[in-house]
Every structure is written in structure tokens, then in C-alpha cells.
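Below is one structure, written out as C-alpha cells, with a few remarks after it.
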Amino acid sequence: MTDRKEIPINLTPELQTGVYANNMFVTHNKEEFVMDFIFMDPQLGSVVSRVVSSPGHMKRILSALNENIKKYEMRFGKIEEAQAPKGKIIGFNPPSKEKS
């Protein structure tokens, strides 16, 4: 059995309300995963939060999300998956670097 120490976690007032995202873009390289959470309206999309994580921790995140989806569905019923956008694919292009 391992001893566990409780570590207090600070949540700043700016983060307490959270942000709303209705889209997400995920990329990765050998060392990290990057998740951009995006708010899309009919005219424009904006990245509202970016989370960068190691591959090992990303597996833990995925496991925690799967576990919580199961708990949610046991309590509230099956979640219907949202349909993928139809027509033009929503994408995001980082600012291009202009050559001198």
C-alpha cells in the first residue's frame, strides 16, 4: 500500500467559470498531444483553450473520460453522439509565417 499525500489545488477566479467549447482539434508529435478547444459560431471560430500533454498522461485522460462517460450513462441514460458536420470541413489555420 502506498501513502498518498493530499495536495491542495488552486483554481483562480479567472478559471472558475470555465469556457464553452463546441469543437476540438487534436494534433500530436512524438513528445506531446495538443488539444485546441474551439468555440464555433456560424461566422467564426476561436480557440478558447489549449491543453498540451504527454502521450502517457493522454492515455490517463482518455481512461478518465471513458470511465466518466460510463458513470454518466449509468446515472442519466445513453448519450447520443452528435453528428459530424456536413458539407465543408471546419478547420483552423494558424497564422502563416511570412518570408522576408
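Identifiers for the C-alpha cells are assigned positionally: chains receive A, B, ... in sequence, residues are indexed from 1 per chain, and ligands are indexed from 1 in the order shown.
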
Neighbour list for segment 18-32 of chain A as a list in words, cut-off 9 Å, only C-alpha atoms, skip fewer than 6 positions in-chain: Ile38, Phe39, Met40, Val47, Val48, Ser49, Val52, Ser53, Ser54, Pro55, Gly56, Met58, Gly91 and Phe92 of chain A

Filtered DSSP result for chain A, state strand (DSSP E), as a PyMOL selection string: chain A and resi 23-28+33-40+45-53

Filtered DSSP result for chain A, state alpha helix (DSSP H), as a PyMOL selection string: chain A and resi 13-16+55-76

Those selected residues, please, written with N, CA and C atoms and delivered as a PDB file, in the first residue's frame.
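Output saved as again_29.pdb:
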```pdb
ATOM      1  N   PRO A  13      -9.802  32.739  -9.874  1.00  0.00           N
ATOM      2  CA  PRO A  13     -11.133  33.262 -10.227  1.00  0.00           C
ATOM      3  C   PRO A  13     -11.372  33.296 -11.736  1.00  0.00           C
ATOM      4  N   GLU A  14     -10.323  33.553 -12.522  1.00  0.00           N
ATOM      5  CA  GLU A  14     -10.485  33.620 -13.982  1.00  0.00           C
ATOM      6  C   GLU A  14     -10.865  32.251 -14.568  1.00  0.00           C
ATOM      7  N   LEU A  15     -10.427  31.172 -13.927  1.00  0.00           N
ATOM      8  CA  LEU A  15     -10.709  29.835 -14.441  1.00  0.00           C
ATOM      9  C   LEU A  15     -11.964  29.212 -13.848  1.00  0.00           C
ATOM     10  N   GLN A  16     -12.491  29.776 -12.780  1.00  0.00           N
ATOM     11  CA  GLN A  16     -13.620  29.162 -12.084  1.00  0.00           C
ATOM     12  C   GLN A  16     -14.863  29.008 -12.948  1.00  0.00           C
ATOM     13  N   PRO A  55       2.160  11.893 -24.056  1.00  0.00           N
ATOM     14  CA  PRO A  55       1.391  10.729 -24.509  1.00  0.00           C
ATOM     15  C   PRO A  55       0.939   9.828 -23.352  1.00  0.00           C
ATOM     16  N   GLY A  56       1.807   9.615 -22.372  1.00  0.00           N
ATOM     17  CA  GLY A  56       1.429   8.771 -21.236  1.00  0.00           C
ATOM     18  C   GLY A  56       0.284   9.358 -20.442  1.00  0.00           C
ATOM     19  N   HIS A  57       0.325  10.663 -20.213  1.00  0.00           N
ATOM     20  CA  HIS A  57      -0.762  11.287 -19.471  1.00  0.00           C
ATOM     21  C   HIS A  57      -2.032  11.349 -20.321  1.00  0.00           C
ATOM     22  N   MET A  58      -1.887  11.481 -21.638  1.00  0.00           N
ATOM     23  CA  MET A  58      -3.058  11.498 -22.515  1.00  0.00           C
ATOM     24  C   MET A  58      -3.837  10.188 -22.393  1.00  0.00           C
ATOM     25  N   LYS A  59      -3.128   9.061 -22.245  1.00  0.00           N
ATOM     26  CA  LYS A  59      -3.821   7.777 -22.050  1.00  0.00           C
ATOM     27  C   LYS A  59      -4.601   7.793 -20.745  1.00  0.00           C
ATOM     28  N   ARG A  60      -4.064   8.429 -19.712  1.00  0.00           N
ATOM     29  CA  ARG A  60      -4.774   8.532 -18.435  1.00  0.00           C
ATOM     30  C   ARG A  60      -5.998   9.436 -18.583  1.00  0.00           C
ATOM     31  N   ILE A  61      -5.865  10.514 -19.351  1.00  0.00           N
ATOM     32  CA  ILE A  61      -7.000  11.407 -19.615  1.00  0.00           C
ATOM     33  C   ILE A  61      -8.101  10.631 -20.335  1.00  0.00           C
ATOM     34  N   LEU A  62      -7.724   9.889 -21.376  1.00  0.00           N
ATOM     35  CA  LEU A  62      -8.695   9.108 -22.137  1.00  0.00           C
ATOM     36  C   LEU A  62      -9.401   8.089 -21.244  1.00  0.00           C
ATOM     37  N   SER A  63      -8.649   7.429 -20.384  1.00  0.00           N
ATOM     38  CA  SER A  63      -9.231   6.456 -19.462  1.00  0.00           C
ATOM     39  C   SER A  63     -10.214   7.128 -18.500  1.00  0.00           C
ATOM     40  N   ALA A  64      -9.836   8.297 -17.962  1.00  0.00           N
ATOM     41  CA  ALA A  64     -10.719   9.018 -17.048  1.00  0.00           C
ATOM     42  C   ALA A  64     -11.995   9.466 -17.758  1.00  0.00           C
ATOM     43  N   LEU A  65     -11.860   9.938 -19.001  1.00  0.00           N
ATOM     44  CA  LEU A  65     -13.045  10.353 -19.765  1.00  0.00           C
ATOM     45  C   LEU A  65     -13.969   9.169 -20.027  1.00  0.00           C
ATOM     46  N   ASN A  66     -13.409   8.025 -20.441  1.00  0.00           N
ATOM     47  CA  ASN A  66     -14.221   6.829 -20.689  1.00  0.00           C
ATOM     48  C   ASN A  66     -14.942   6.377 -19.418  1.00  0.00           C
ATOM     49  N   GLU A  67     -14.238   6.385 -18.300  1.00  0.00           N
ATOM     50  CA  GLU A  67     -14.840   5.984 -17.023  1.00  0.00           C
ATOM     51  C   GLU A  67     -15.994   6.924 -16.647  1.00  0.00           C
ATOM     52  N   ASN A  68     -15.786   8.210 -16.856  1.00  0.00           N
ATOM     53  CA  ASN A  68     -16.836   9.172 -16.501  1.00  0.00           C
ATOM     54  C   ASN A  68     -18.023   9.130 -17.459  1.00  0.00           C
ATOM     55  N   ILE A  69     -17.797   8.831 -18.719  1.00  0.00           N
ATOM     56  CA  ILE A  69     -18.914   8.646 -19.662  1.00  0.00           C
ATOM     57  C   ILE A  69     -19.759   7.458 -19.205  1.00  0.00           C
ATOM     58  N   LYS A  70     -19.123   6.349 -18.814  1.00  0.00           N
ATOM     59  CA  LYS A  70     -19.864   5.179 -18.325  1.00  0.00           C
ATOM     60  C   LYS A  70     -20.684   5.523 -17.090  1.00  0.00           C
ATOM     61  N   LYS A  71     -20.080   6.241 -16.136  1.00  0.00           N
ATOM     62  CA  LYS A  71     -20.802   6.629 -14.922  1.00  0.00           C
ATOM     63  C   LYS A  71     -21.980   7.542 -15.256  1.00  0.00           C
ATOM     64  N   TYR A  72     -21.764   8.498 -16.158  1.00  0.00           N
ATOM     65  CA  TYR A  72     -22.822   9.416 -16.570  1.00  0.00           C
ATOM     66  C   TYR A  72     -23.991   8.628 -17.163  1.00  0.00           C
ATOM     67  N   GLU A  73     -23.687   7.708 -18.100  1.00  0.00           N
ATOM     68  CA  GLU A  73     -24.745   6.956 -18.773  1.00  0.00           C
ATOM     69  C   GLU A  73     -25.480   6.027 -17.811  1.00  0.00           C
ATOM     70  N   MET A  74     -24.783   5.487 -16.812  1.00  0.00           N
ATOM     71  CA  MET A  74     -25.456   4.658 -15.813  1.00  0.00           C
ATOM     72  C   MET A  74     -26.455   5.496 -15.013  1.00  0.00           C
ATOM     73  N   ARG A  75     -26.114   6.738 -14.773  1.00  0.00           N
ATOM     74  CA  ARG A  75     -26.964   7.613 -13.962  1.00  0.00           C
ATOM     75  C   ARG A  75     -28.067   8.300 -14.766  1.00  0.00           C
ATOM     76  N   PHE A  76     -27.721   8.787 -15.970  1.00  0.00           N
ATOM     77  CA  PHE A  76     -28.651   9.619 -16.724  1.00  0.00           C
ATOM     78  C   PHE A  76     -29.149   8.999 -18.030  1.00  0.00           C
TER      79      PHE A  76
END
```

Coordinates-based distance that separates atom CA of Ala82 of chain A from atom CA of Phe33 of chain A (Å, one decimal):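 For atom CA of Phe33 of chain A relative to atom CA of Ala82 of chain A, the distance reads 23.5 Å.
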